[in-house]
file coords03.txt (compact mmCIF, C-alpha atoms)
# COMPACT_ATOMS: atom_id res chain seq x y z
CA MET Q 605 -27.80 14.45 -89.91
CA ILE Q 606 -24.29 13.78 -88.60
CA ILE Q 607 -23.11 10.26 -89.44
CA LEU Q 608 -21.42 8.35 -86.62
CA THR Q 609 -19.28 5.24 -86.90
CA ARG Q 610 -19.78 2.86 -83.99
CA LEU Q 611 -16.74 0.60 -83.67
CA SER Q 612 -17.42 -3.05 -82.95
CA GLU Q 613 -13.99 -3.22 -81.34
CA PRO Q 614 -12.56 -2.50 -78.88
CA ASP Q 615 -15.30 -3.32 -76.40
CA LEU Q 616 -13.87 -2.95 -72.91
CA GLN Q 617 -15.83 -4.94 -70.34
CA PRO Q 618 -15.34 -5.01 -66.55
CA ASP Q 619 -13.18 -7.94 -65.50
CA TYR Q 620 -13.61 -9.44 -62.02
CA SER Q 621 -10.33 -11.35 -62.40
CA ARG Q 622 -8.24 -8.14 -62.34
CA LEU Q 623 -6.87 -7.76 -58.82
CA VAL Q 624 -4.93 -5.33 -56.68
CA ILE Q 625 -3.53 -5.66 -53.17
CA ARG Q 626 -5.02 -3.27 -50.60
CA PRO Q 627 -4.80 -2.85 -46.80
CA PHE Q 628 -7.33 -4.44 -44.47
CA VAL Q 629 -6.95 -2.72 -41.11
CA PRO Q 630 -9.53 -3.84 -38.50
CA THR Q 631 -10.28 -2.38 -35.06
CA VAL Q 632 -7.40 -1.76 -32.69
CA GLU Q 633 -8.59 -4.65 -30.51
CA ARG Q 634 -8.38 -7.01 -33.48
CA ILE Q 635 -4.99 -5.60 -34.50
CA GLN Q 636 -3.64 -6.26 -31.02
CA ALA Q 637 -5.07 -9.78 -30.97
CA ILE Q 638 -3.51 -10.71 -34.32
CA ILE Q 639 -0.10 -9.30 -33.38
CA ASP Q 640 -0.24 -11.16 -30.06
CA ARG Q 641 -1.16 -14.43 -31.77
CA VAL Q 642 1.69 -14.16 -34.24
CA ALA Q 643 4.10 -13.16 -31.47
CA VAL Q 644 3.74 -16.48 -29.64
CA MET Q 645 4.11 -18.67 -32.75
CA PRO Q 646 7.34 -20.73 -32.98
CA GLU Q 647 9.83 -19.31 -35.49
CA ALA Q 648 9.63 -22.41 -37.69
CA GLU Q 649 5.85 -22.14 -37.90
CA ILE Q 650 6.05 -18.43 -38.74
CA ARG Q 651 8.53 -19.18 -41.52
CA GLN Q 652 6.38 -21.99 -42.88
CA GLU Q 653 3.18 -19.87 -42.93
CA LEU Q 654 5.00 -16.90 -44.49
CA GLU Q 655 6.58 -19.02 -47.24
CA GLN Q 656 3.17 -20.48 -48.05
CA VAL Q 657 1.40 -17.13 -48.38
CA ILE Q 658 4.25 -15.65 -50.44
CA SER Q 659 4.22 -18.63 -52.81
CA LEU Q 660 0.45 -18.28 -53.25
CA PHE Q 661 0.33 -14.57 -54.03
CA SER Q 662 3.73 -13.11 -54.98
CA ALA Q 663 3.58 -14.49 -58.55
CA ASP Q 664 0.45 -12.39 -59.17
CA HIS Q 665 1.64 -9.35 -57.24
CA GLY Q 666 5.25 -8.39 -57.81
CA ASP Q 667 5.13 -5.97 -54.89
CA PHE Q 668 3.48 -8.45 -52.49
CA VAL Q 669 6.21 -8.53 -49.82
CA GLU Q 670 6.58 -4.76 -49.92
CA ARG Q 671 2.81 -4.39 -49.49
CA ILE Q 672 2.38 -6.71 -46.52
CA LYS Q 673 5.27 -4.93 -44.80
CA GLU Q 674 3.55 -1.59 -45.47
CA HIS Q 675 0.21 -2.89 -44.19
CA TYR Q 676 1.78 -4.16 -40.97
CA ASN Q 677 3.27 -0.71 -40.38
CA MET Q 678 -0.13 0.91 -41.03
CA ALA Q 679 -1.85 -1.38 -38.53
CA LYS Q 680 0.90 -0.97 -35.92
CA LYS Q 681 0.77 2.81 -36.29
CA ARG Q 682 -2.97 2.81 -35.71
CA LEU Q 683 -2.51 0.56 -32.70
CA ASP Q 684 0.17 2.81 -31.20
CA GLU Q 685 -1.93 5.93 -31.75
CA GLU Q 686 -5.36 4.69 -30.66
CA ALA Q 687 -5.06 1.71 -28.36
CA GLU Q 688 -4.85 1.81 -24.60
CA PRO Q 689 -2.00 -0.16 -23.04
CA ARG Q 690 -2.71 -3.86 -23.46
CA ARG Q 691 -4.38 -5.21 -20.35
CA ALA Q 692 -3.95 -8.82 -19.26
CA GLU Q 693 -7.70 -9.26 -18.80
CA GLN Q 694 -8.26 -8.40 -22.48
CA PHE Q 695 -6.04 -11.24 -23.70
CA PRO Q 696 -5.87 -13.78 -20.86
CA ASN Q 697 -4.51 -16.58 -23.05
CA PHE Q 698 -1.30 -14.78 -23.98
CA PRO Q 699 1.84 -14.06 -22.02
CA ALA Q 700 1.85 -10.82 -20.08
CA GLU Q 701 5.15 -9.81 -21.63
CA LEU Q 702 5.44 -9.66 -25.42
CA PRO Q 703 8.20 -8.05 -27.51
CA ALA Q 704 7.62 -4.38 -28.34
CA GLN Q 705 8.52 -5.12 -31.97
CA LEU Q 706 8.09 -8.43 -33.73
CA PRO Q 707 10.99 -10.04 -35.63
CA ALA Q 708 11.09 -9.28 -39.36
CA GLU Q 709 9.43 -12.50 -40.56
CA ALA Q 710 6.72 -12.23 -37.89
CA ARG Q 711 5.97 -8.66 -38.98
CA LEU Q 712 5.55 -9.83 -42.58
CA LEU Q 713 3.22 -12.63 -41.53
CA ALA Q 714 1.16 -10.28 -39.40
CA GLY Q 715 1.04 -7.89 -42.35
CA ALA Q 716 -0.54 -10.63 -44.46
CA TYR Q 717 -3.48 -10.63 -42.04
CA PHE Q 718 -3.87 -6.88 -42.62
CA THR Q 719 -4.00 -7.41 -46.41
CA SER Q 720 -6.66 -8.39 -48.94
CA GLU Q 721 -7.01 -8.77 -52.69
CA TYR Q 722 -9.57 -6.48 -54.33
CA ALA Q 723 -11.22 -6.96 -57.73
CA PHE Q 724 -11.00 -3.29 -58.67
CA GLU Q 725 -13.09 -3.46 -61.85
CA ALA Q 726 -15.42 -6.36 -61.02
CA THR Q 727 -18.55 -4.17 -61.13
CA ALA Q 728 -18.03 -1.60 -63.89
CA LEU Q 729 -15.50 0.03 -66.24
CA PHE Q 730 -16.68 3.31 -67.71
CA ASN Q 731 -16.35 7.12 -68.11
CA PRO Q 732 -13.06 7.15 -70.03
CA SER Q 733 -10.83 10.04 -71.00
CA ILE Q 734 -8.16 9.86 -73.70
CA VAL Q 735 -4.96 11.82 -74.37
CA GLN Q 736 -2.01 11.62 -76.72
CA ALA Q 737 0.77 9.54 -75.18
CA PRO Q 738 3.93 11.49 -74.29
CA ASP Q 739 6.13 9.12 -76.32
CA GLN Q 740 5.05 8.70 -79.95
CA THR Q 741 8.41 7.33 -81.11
CA ALA Q 742 8.43 4.13 -79.10
CA ALA Q 743 8.40 0.98 -81.21
CA VAL Q 744 5.00 -0.71 -81.21
CA ASN Q 745 5.68 -4.41 -80.95
CA LEU Q 746 2.11 -5.45 -80.17
CA HIS Q 747 0.59 -4.82 -83.59
CA ALA Q 748 1.33 -5.53 -87.25
CA GLU Q 749 4.28 -3.92 -89.01
CA SER Q 750 1.86 -2.38 -91.53
CA LEU Q 751 0.23 -0.41 -88.72
CA ARG Q 752 3.56 1.00 -87.58
CA ARG Q 753 4.08 2.40 -91.08
CA ASN Q 754 0.56 3.87 -91.06
CA HIS Q 755 1.40 6.81 -88.76
CA PRO Q 756 -0.74 5.68 -85.84
CA LEU Q 757 -1.42 7.92 -82.88
CA ARG Q 758 -0.40 6.40 -79.56
CA PHE Q 759 -2.82 7.24 -76.75
CA ILE Q 760 -3.42 6.76 -73.04
CA LEU Q 761 -6.95 5.94 -71.94
CA SER Q 762 -8.04 6.41 -68.34
CA ALA Q 763 -11.16 4.72 -67.00
CA ARG Q 764 -13.25 4.70 -63.87
CA SER Q 765 -13.00 1.18 -62.45
CA VAL Q 766 -15.56 0.13 -59.86
CA GLY Q 767 -15.31 -2.86 -57.55
CA GLU Q 768 -17.09 -4.26 -54.53
CA GLY Q 769 -18.83 -1.62 -52.42
CA HIS Q 770 -18.93 0.83 -55.35
CA VAL Q 771 -15.34 1.94 -54.71
CA SER Q 772 -13.95 3.76 -57.77
CA SER Q 773 -10.33 3.98 -58.85
CA ILE Q 774 -8.53 5.17 -61.98
CA SER Q 775 -7.08 2.52 -64.27
CA PHE Q 776 -5.26 2.94 -67.57
CA ARG Q 777 -5.07 1.37 -71.01
CA THR Q 778 -2.68 2.12 -73.86
CA GLY Q 779 -3.23 1.75 -77.56
CA MET Q 780 -3.24 3.37 -80.98
CA ILE Q 781 -5.53 4.86 -83.60
CA ASP Q 782 -4.66 4.29 -87.26
CA THR Q 783 -5.38 6.64 -90.17
CA ALA Q 784 -8.60 4.77 -90.98
CA GLY Q 785 -9.96 5.47 -87.51
CA LYS Q 786 -9.54 1.94 -86.19
CA VAL Q 787 -8.69 1.70 -82.49
CA TYR Q 788 -6.35 -0.90 -81.01
CA ILE Q 789 -5.96 -1.58 -77.28
CA ASP Q 790 -2.80 -3.20 -75.92
CA PRO Q 791 -3.24 -6.39 -73.83
CA VAL Q 792 -3.31 -6.06 -70.05
CA ARG Q 793 -2.29 -8.32 -67.19
CA LYS Q 794 -4.74 -9.48 -64.55
CA THR Q 795 -3.11 -7.66 -61.65
CA ALA Q 796 -2.40 -4.03 -60.92
CA VAL Q 797 -0.13 -2.06 -58.60
CA ARG Q 798 -1.17 0.81 -56.31
CA GLY Q 799 2.22 2.52 -56.26
CA LYS Q 800 4.15 3.99 -53.36
CA THR Q 801 2.22 6.73 -51.59
CA GLU Q 802 3.62 9.76 -49.80
CA SER Q 803 1.65 12.66 -48.29
CA LYS Q 804 2.97 16.11 -47.48
CA ASP Q 805 1.39 19.55 -47.03
CA GLY Q 806 -2.01 18.48 -48.35
CA THR Q 807 -0.55 16.84 -51.47
CA THR Q 808 -0.59 13.10 -52.09
CA GLU Q 809 2.22 11.76 -54.26
CA ILE Q 810 1.95 8.33 -55.88
CA LEU Q 811 5.06 6.85 -57.45
CA PHE Q 812 5.35 3.79 -59.69
CA ARG Q 813 8.38 1.87 -60.84
CA LYS Q 814 9.36 2.44 -64.46
CA GLU Q 815 9.24 -1.28 -65.19
CA THR Q 816 5.54 -1.41 -64.20
CA PRO Q 817 3.49 -1.14 -67.45
CA LEU Q 818 1.06 1.76 -67.48
CA SER Q 819 -1.93 -0.59 -67.73
CA GLU Q 820 -0.87 -2.10 -64.39
CA ARG Q 821 -0.69 1.24 -62.56
CA LEU Q 822 -3.81 1.92 -60.51
CA LEU Q 823 -4.70 5.18 -58.78
CA PHE Q 824 -6.57 3.72 -55.82
CA PRO Q 825 -8.20 5.86 -53.09
CA VAL Q 826 -5.69 6.73 -50.38
CA SER Q 827 -6.92 9.89 -48.63
CA VAL Q 828 -9.87 10.14 -46.23
CA ASP Q 829 -11.90 12.35 -48.58
CA GLU Q 830 -11.70 9.77 -51.38
CA ARG Q 831 -12.08 6.55 -49.41
CA ASN Q 832 -15.22 5.64 -51.41
CA GLY Q 833 -13.80 6.59 -54.74
CA ILE Q 834 -11.81 8.56 -57.27
CA GLU Q 835 -14.46 9.38 -59.86
CA ASP Q 836 -14.53 10.58 -63.47
CA ALA Q 837 -10.98 11.77 -64.16
CA ARG Q 838 -10.76 14.21 -67.09
CA PHE Q 839 -7.17 14.08 -68.35
CA VAL Q 840 -5.81 16.84 -70.59
CA ARG Q 841 -2.44 17.30 -72.29
CA PHE Q 842 -1.47 20.80 -71.14
CA VAL Q 843 0.99 23.06 -72.95
CA ASN Q 844 2.81 25.53 -70.68
CA ASP Q 845 3.82 29.05 -71.69
CA ASP Q 846 7.39 27.90 -72.38
CA GLY Q 847 6.22 25.12 -74.70
CA THR Q 848 6.79 22.26 -72.25
CA MET Q 849 3.98 19.81 -71.67
CA CYS Q 850 2.44 17.99 -68.74
CA TYR Q 851 -0.84 16.24 -67.99
CA TYR Q 852 -3.56 17.34 -65.60
CA ALA Q 853 -6.79 15.64 -64.64
CA THR Q 854 -9.66 16.93 -62.58
CA TYR Q 855 -11.60 14.33 -60.63
CA THR Q 856 -14.16 13.98 -57.87
CA ALA Q 857 -13.13 12.57 -54.50
CA TYR Q 858 -16.00 10.84 -52.68
CA ASP Q 859 -16.02 9.74 -49.05
CA GLY Q 860 -19.44 8.13 -49.09
CA LYS Q 861 -21.33 11.33 -48.25
CA ASN Q 862 -19.43 14.35 -49.54
CA ILE Q 863 -17.61 15.23 -52.77
CA VAL Q 864 -14.40 17.23 -53.14
CA PRO Q 865 -12.98 18.43 -56.50
CA LYS Q 866 -9.31 17.51 -56.87
CA MET Q 867 -6.52 17.68 -59.44
CA ILE Q 868 -3.91 15.19 -60.65
CA GLU Q 869 -0.64 16.38 -62.13
CA THR Q 870 1.87 14.17 -63.95
CA ALA Q 871 4.54 14.57 -66.59
CA ASP Q 872 5.25 10.89 -67.23
CA PHE Q 873 2.38 8.78 -65.76
CA LEU Q 874 4.95 7.41 -63.31
CA HIS Q 875 4.75 10.17 -60.70
CA PHE Q 876 1.33 11.58 -59.81
CA ASN Q 877 0.61 14.53 -57.51
CA MET Q 878 -2.96 14.82 -56.22
CA GLN Q 879 -4.23 17.99 -54.55
CA ASN Q 880 -7.53 19.66 -53.61
CA ILE Q 881 -9.07 22.33 -55.84
CA THR Q 882 -10.27 25.21 -53.66
CA GLY Q 883 -12.00 28.59 -53.95
CA ALA Q 884 -15.52 29.97 -53.84
CA MET Q 885 -16.41 28.38 -57.20
CA ALA Q 886 -14.79 25.00 -56.62
CA LEU Q 887 -18.23 23.44 -56.35
CA ASN Q 888 -20.00 20.36 -57.65
CA LYS Q 889 -18.68 17.79 -60.11
CA GLY Q 890 -17.48 18.01 -63.68
CA MET Q 891 -14.60 20.48 -63.78
CA ALA Q 892 -12.49 20.34 -66.96
CA LEU Q 893 -9.29 22.28 -67.62
CA PHE Q 894 -8.51 23.95 -70.95
CA PRO Q 895 -5.29 22.61 -72.58
CA ARG Q 896 -3.44 25.93 -72.25
CA LYS Q 897 -3.71 29.32 -70.57
CA ILE Q 898 -5.92 31.96 -72.18
CA ASN Q 899 -4.78 35.58 -71.88
CA GLY Q 900 -2.33 34.63 -69.14
CA ARG Q 901 -4.83 32.74 -66.98
CA TYR Q 902 -5.87 29.14 -66.53
CA ALA Q 903 -9.36 28.39 -67.82
CA MET Q 904 -11.77 25.74 -66.60
CA LEU Q 905 -15.27 24.53 -67.46
CA SER Q 906 -17.50 23.65 -64.53
CA ARG Q 907 -21.06 23.06 -63.40
CA VAL Q 908 -21.21 25.36 -60.37
CA ASP Q 909 -24.98 25.16 -59.81
CA GLY Q 910 -25.32 21.51 -60.77
CA GLU Q 911 -27.46 22.44 -63.77
CA SER Q 912 -25.64 24.69 -66.27
CA LEU Q 913 -22.24 25.01 -67.92
CA TYR Q 914 -19.87 27.68 -66.55
CA ILE Q 915 -16.42 28.98 -67.44
CA MET Q 916 -13.86 30.03 -64.84
CA PHE Q 917 -10.51 31.84 -65.03
CA SER Q 918 -7.74 31.92 -62.44
CA LYS Q 919 -4.08 32.83 -62.02
CA ASP Q 920 -3.77 29.93 -59.57
CA LEU Q 921 -4.36 26.44 -60.93
CA TYR Q 922 -5.74 25.25 -57.60
CA VAL Q 923 -7.86 28.26 -56.53
CA TRP Q 924 -11.05 29.25 -58.43
CA ASP Q 925 -13.16 32.13 -57.13
CA GLU Q 926 -15.03 33.44 -60.21
CA ALA Q 927 -17.44 31.75 -62.63
CA GLU Q 928 -19.64 32.84 -65.53
CA LYS Q 929 -22.57 30.87 -66.91
CA ILE Q 930 -22.19 30.22 -70.66
CA ALA Q 931 -24.84 27.57 -71.43
CA ALA Q 932 -28.08 26.53 -69.74
CA PRO Q 933 -30.43 23.65 -70.61
CA ILE Q 934 -32.60 24.70 -73.56
CA PHE Q 935 -33.41 21.44 -75.41
CA PRO Q 936 -35.70 18.68 -74.04
CA TRP Q 937 -32.88 16.10 -74.00
CA GLU Q 938 -30.95 18.29 -71.52
CA PHE Q 939 -33.75 19.87 -69.45
CA MET Q 940 -32.45 18.29 -66.23
CA GLN Q 941 -28.84 19.51 -66.57
CA ILE Q 942 -25.99 20.19 -68.95
CA GLY Q 943 -22.27 19.77 -68.29
CA ASN Q 944 -19.00 19.09 -70.06
CA CYS Q 945 -17.71 15.74 -71.27
CA GLY Q 946 -14.03 16.50 -70.89
CA SER Q 947 -11.60 19.28 -71.65
CA PRO Q 948 -12.18 21.56 -74.68
CA ILE Q 949 -10.29 20.75 -77.89
CA GLU Q 950 -8.65 23.68 -79.68
CA LEU Q 951 -9.49 24.03 -83.37
CA ASP Q 952 -9.00 26.82 -85.92
CA GLU Q 953 -12.75 27.50 -85.67
CA GLY Q 954 -12.84 27.70 -81.87
CA TRP Q 955 -12.95 25.46 -78.80
CA LEU Q 956 -14.87 22.22 -79.33
CA VAL Q 957 -16.67 21.03 -76.20
CA LEU Q 958 -18.51 17.75 -75.88
CA THR Q 959 -21.38 18.13 -73.43
CA HIS Q 960 -23.64 15.79 -71.54
CA GLY Q 961 -27.34 16.46 -71.24
CA VAL Q 962 -29.78 14.75 -68.88
CA GLY Q 963 -33.37 14.42 -70.04
CA SER Q 964 -36.49 12.49 -69.10
CA LEU Q 965 -36.02 9.26 -67.14
CA ARG Q 966 -32.51 10.57 -66.44
CA ARG Q 967 -31.34 9.61 -69.94
CA TYR Q 968 -27.77 10.86 -70.46
CA SER Q 969 -26.88 11.97 -73.99
CA ILE Q 970 -23.72 13.52 -75.47
CA GLY Q 971 -23.96 16.82 -77.36
CA ALA Q 972 -21.48 19.40 -78.61
CA LEU Q 973 -20.96 23.15 -78.68
CA LEU Q 974 -18.30 25.52 -80.01
CA LEU Q 975 -16.74 28.36 -78.01
CA ASP Q 976 -15.10 31.46 -79.48
CA LYS Q 977 -11.34 31.03 -79.89
CA THR Q 978 -10.32 34.29 -78.18
CA ASP Q 979 -13.34 34.69 -75.88
CA PRO Q 980 -14.39 31.19 -74.79
CA ALA Q 981 -17.15 32.64 -72.61
CA LYS Q 982 -19.07 33.10 -75.89
CA VAL Q 983 -20.91 30.13 -77.42
CA ILE Q 984 -20.80 30.37 -81.24
CA GLY Q 985 -22.25 26.98 -82.16
CA ARG Q 986 -24.40 24.31 -80.53
CA LEU Q 987 -26.01 21.07 -81.68
CA PRO Q 988 -29.79 21.13 -81.19
CA GLU Q 989 -29.91 17.32 -81.15
CA PRO Q 990 -27.68 14.87 -79.28
CA LEU Q 991 -24.56 13.66 -81.03
CA ILE Q 992 -24.82 10.32 -79.20
CA SER Q 993 -27.98 9.05 -77.48
CA PRO Q 994 -28.53 5.90 -75.42
CA GLY Q 995 -29.36 2.98 -77.71
CA GLU Q 996 -30.16 -0.68 -77.31
CA ARG Q 997 -26.69 -1.30 -75.87
CA GLU Q 998 -27.41 1.23 -73.10
CA ARG Q 999 -30.97 0.10 -72.38
CA THR Q 1000 -29.68 -2.01 -69.49
CA GLY Q 1001 -26.50 -1.89 -67.43
CA TYR Q 1002 -25.15 -0.74 -64.09
CA VAL Q 1003 -27.02 2.54 -64.68
CA PRO Q 1004 -29.48 2.18 -67.59
CA ASN Q 1005 -29.91 4.78 -70.36
CA VAL Q 1006 -26.51 6.47 -70.01
CA VAL Q 1007 -23.81 7.44 -72.51
CA TYR Q 1008 -21.01 9.51 -71.00
CA THR Q 1009 -17.40 10.38 -71.73
CA CYS Q 1010 -14.67 12.30 -69.94
CA GLY Q 1011 -12.64 13.14 -73.04
CA SER Q 1012 -12.12 12.62 -76.76
CA ILE Q 1013 -9.24 13.00 -79.22
CA ILE Q 1014 -8.70 14.04 -82.86
CA HIS Q 1015 -6.62 12.03 -85.34
CA GLU Q 1016 -6.45 12.49 -89.12
CA GLY Q 1017 -9.54 14.72 -89.25
CA ARG Q 1018 -11.63 12.37 -87.17
CA LEU Q 1019 -12.98 12.79 -83.62
CA VAL Q 1020 -12.58 9.58 -81.64
CA ILE Q 1021 -14.92 9.32 -78.66
CA PRO Q 1022 -14.53 6.54 -76.07
CA TYR Q 1023 -17.64 6.51 -73.92
CA GLY Q 1024 -19.16 4.75 -70.95
CA SER Q 1025 -22.11 2.59 -71.95
CA ALA Q 1026 -24.81 2.31 -69.24
CA ASP Q 1027 -22.09 3.04 -66.66
CA PHE Q 1028 -20.88 -0.51 -67.22
CA SER Q 1029 -18.45 -0.84 -70.15
CA ILE Q 1030 -16.53 1.25 -72.69
CA ALA Q 1031 -17.25 1.50 -76.41
CA PHE Q 1032 -15.92 3.77 -79.17
CA ILE Q 1033 -17.58 6.06 -81.70
CA THR Q 1034 -15.90 8.16 -84.40
CA VAL Q 1035 -17.20 11.11 -86.42
CA GLU Q 1036 -15.66 13.12 -89.23
CA LEU Q 1037 -14.62 16.47 -87.75
CA ALA Q 1038 -15.61 18.47 -90.83
CA GLU Q 1039 -19.11 17.01 -90.70
CA LEU Q 1040 -19.45 17.81 -87.00
CA MET Q 1041 -18.32 21.39 -87.59
CA LYS Q 1042 -20.98 21.85 -90.29
CA GLY Q 1043 -23.58 20.80 -87.74
CA LEU Q 1044 -22.21 23.22 -85.15
CA ARG Q 1045 -22.11 26.15 -87.56

call {"tool": "encode", "arguments": {"input": "coords03.txt", "output": "structure tokens"}}
result
Amino acid sequence: MIILTRLSEPDLQPDYSRLVIRPFVPTVERIQAIIDRVAVMPEAEIRQELEQVISLFSADHGDFVERIKEHYNMAKKRLDEEAEPRRAEQFPNFPAELPAQLPAEARLLAGAYFTSEYAFEATALFNPSIVQAPDQTAAVNLHAESLRRNHPLRFILSARSVGEGHVSSISFRTGMIDTAGKVYIDPVRKTAVRGKTESKDGTTEILFRKETPLSERLLFPVSVDERNGIEDARFVRFVNDDGTMCYYATYTAYDGKNIVPKMIETADFLHFNMQNITGAMALNKGMALFPRKINGRYAMLSRVDGESLYIMFSKDLYVWDEAEKIAAPIFPWEFMQIGNCGSPIELDEGWLVLTHGVGSLRRYSIGALLLDKTDPAKVIGRLPEPLISPGERERTGYVPNVVYTCGSIIHEGRLVIPYGSADFSIAFITVELAELMKGLR
């Protein structure tokens, strides 16, 4: 029996007080009405209303003025593209002639009407992935001096944050793991920033200011195909052929009806590029990239048929046309389906893959298997029993009877697994790697 250590801390719970600013763009008729109403306000009244709203919200949102300006431009663009010329009979109470462009302060005030606060993790915080932070030399001022001398591993944790309407976004935490396997999470502020968004040639670029802490950077849905959520990001620290490193993450874009597999690329967690994954085998959820090329090609785990675990190879990171099944459900706890729980971890013995299995009553458990080092299409070890099963903590929650992770990390001979508990909160489990490998062999 493999012995697990369940950490009492950290215990990351959803927090309805964490807020982000997002656009609220109504129908073109309502847009026109609001702009018209602001246009006829006296300048002094506009200034008074604007100063009041800025004083109420700018302390919580450092980019508040920038955002309301952006949201006015979004609403005006939609109005210009979709609305018919304003007819006097539509708005009989307003002057027939209004300025084509509002003065600067009036535009900001109008933008405030096209803006709302959103509690981005009010409902749930789950399905984490974890990677080594790019900077391990930075001074850690948030924890005891003794920890800094204890060779801790700095990490970045991503999480699926869910708010009102089941809209998912990607939030971040930072922290460290010490040599004893204890996990520390850095404090976070109550507000987050969506970043500046630019779109070009099918790629969405999100840029954050360097002074914005990572835990305040939020990857919020921006494209049409992800308007209902960015789900289950699987981040991996990728080593290129020349030895340089970057980070990729596969995720599922959801528009309320359809899913689209997509990829995030970043070198510094300040600049993110987001692009569709295409090809005949770019199907279903749960794609996870290997941390380096294998025999000159990118490698990816997937669940093409929605039921079994596949491996794919491609010369093009964004195009996947071939897939080979490597593991099907064979144990009762995974009869419904099997898939990956994040990117494979390279060991001397082979590629370690955490899996998820779905059994009776749709109970999600976490298992493990080992792939051959040189031929990862070959399974050379597999746990017959779950490594982690739903317990009393997971008996109730947003989705009962679920344990699930999108990535784990090794430090000082120990596998550290952050996992989503009942699709509601995040807990941590550790296991000695040597003990796990005995079970796999």

call {"tool": "atom_distance", "arguments": {"input": "coords03.txt", "atom1": "CA of Gln879 (chain Q)", "atom2": "CA of Glu835 (chain Q)"}}
result
14.4 Å

call {"tool": "atom_distance", "arguments": {"input": "coords03.txt", "atom1": "CA of Val864 (chain Q)", "atom2": "CA of Ile915 (chain Q)"}}
result
18.6 Å

call {"tool": "residues_near_point", "arguments": {"input": "coords03.txt", "point": "(-32.1, 25.8, -79.8)", "cutoff": "8 Å", "atoms": "all atoms listed in the file", "output": "number ranges by chain"}}
result
Q: 934-935, 986-988

call {"tool": "closest_residue", "arguments": {"input": "coords03.txt", "among": "Q:Asp829, Q:Gln705, Q:Leu713, Q:Ser733", "to": "Met645 (chain Q)", "atoms": "all atoms listed in the file"}}
result
Q:Leu713

call {"tool": "residues_around", "arguments": {"input": "coords03.txt", "residues": "Ile606 (chain Q)", "least_positions_apart": "6", "cutoff": "9 Å", "atoms": "all atoms listed in the file", "output": "VMD selection string"}}
result
chain Q and resid 991 1035 to 1036 1039 to 1040 1042 to 1043

call {"tool": "residues_around", "arguments": {"input": "coords03.txt", "residues": "region 792-799 of chain Q", "least_positions_apart": "5", "cutoff": "7 Å", "atoms": "all atoms listed in the file", "output": "NGL selection string"}}
result
:Q and (621-624 or 664-665 or 810-812 or 819-824)

call {"tool": "write_last_selection", "arguments": {"input": "coords03.txt", "atoms": "C-alpha atoms", "output": "mmCIF file, in the frame of the given file"}}
result
data_model
loop_
_atom_site.group_PDB
_atom_site.id
_atom_site.type_symbol
_atom_site.label_atom_id
_atom_site.label_comp_id
_atom_site.auth_asym_id
_atom_site.auth_seq_id
_atom_site.Cartn_x
_atom_site.Cartn_y
_atom_site.Cartn_z
ATOM 1 C CA SER Q 621 -10.330 -11.350 -62.400
ATOM 2 C CA ARG Q 622 -8.240 -8.140 -62.340
ATOM 3 C CA LEU Q 623 -6.870 -7.760 -58.820
ATOM 4 C CA VAL Q 624 -4.930 -5.330 -56.680
ATOM 5 C CA ASP Q 664 0.450 -12.390 -59.170
ATOM 6 C CA HIS Q 665 1.640 -9.350 -57.240
ATOM 7 C CA ILE Q 810 1.950 8.330 -55.880
ATOM 8 C CA LEU Q 811 5.060 6.850 -57.450
ATOM 9 C CA PHE Q 812 5.350 3.790 -59.690
ATOM 10 C CA SER Q 819 -1.930 -0.590 -67.730
ATOM 11 C CA GLU Q 820 -0.870 -2.100 -64.390
ATOM 12 C CA ARG Q 821 -0.690 1.240 -62.560
ATOM 13 C CA LEU Q 822 -3.810 1.920 -60.510
ATOM 14 C CA LEU Q 823 -4.700 5.180 -58.780
ATOM 15 C CA PHE Q 824 -6.570 3.720 -55.820
#

call {"tool": "residues_around", "arguments": {"input": "coords03.txt", "residues": "Gly963 (chain Q)", "least_positions_apart": "4", "cutoff": "9 Å", "atoms": "all atoms listed in the file", "output": "MDAnalysis selection string"}}
result
chainID Q and resid 935:941 967:969

call {"tool": "closest_residue", "arguments": {"input": "coords03.txt", "among": "Q:Val1003, Q:Met867, Q:Leu956, Q:Ile789", "to": "Glu613 (chain Q)", "atoms": "only C-alpha atoms"}}
result
Q:Ile789

call {"tool": "closest_residue", "arguments": {"input": "coords03.txt", "among": "Q:Lys977, Q:Arg711, Q:Lys861, Q:Arg651", "to": "Lys673 (chain Q)", "atoms": "all atoms listed in the file"}}
result
Q:Arg711
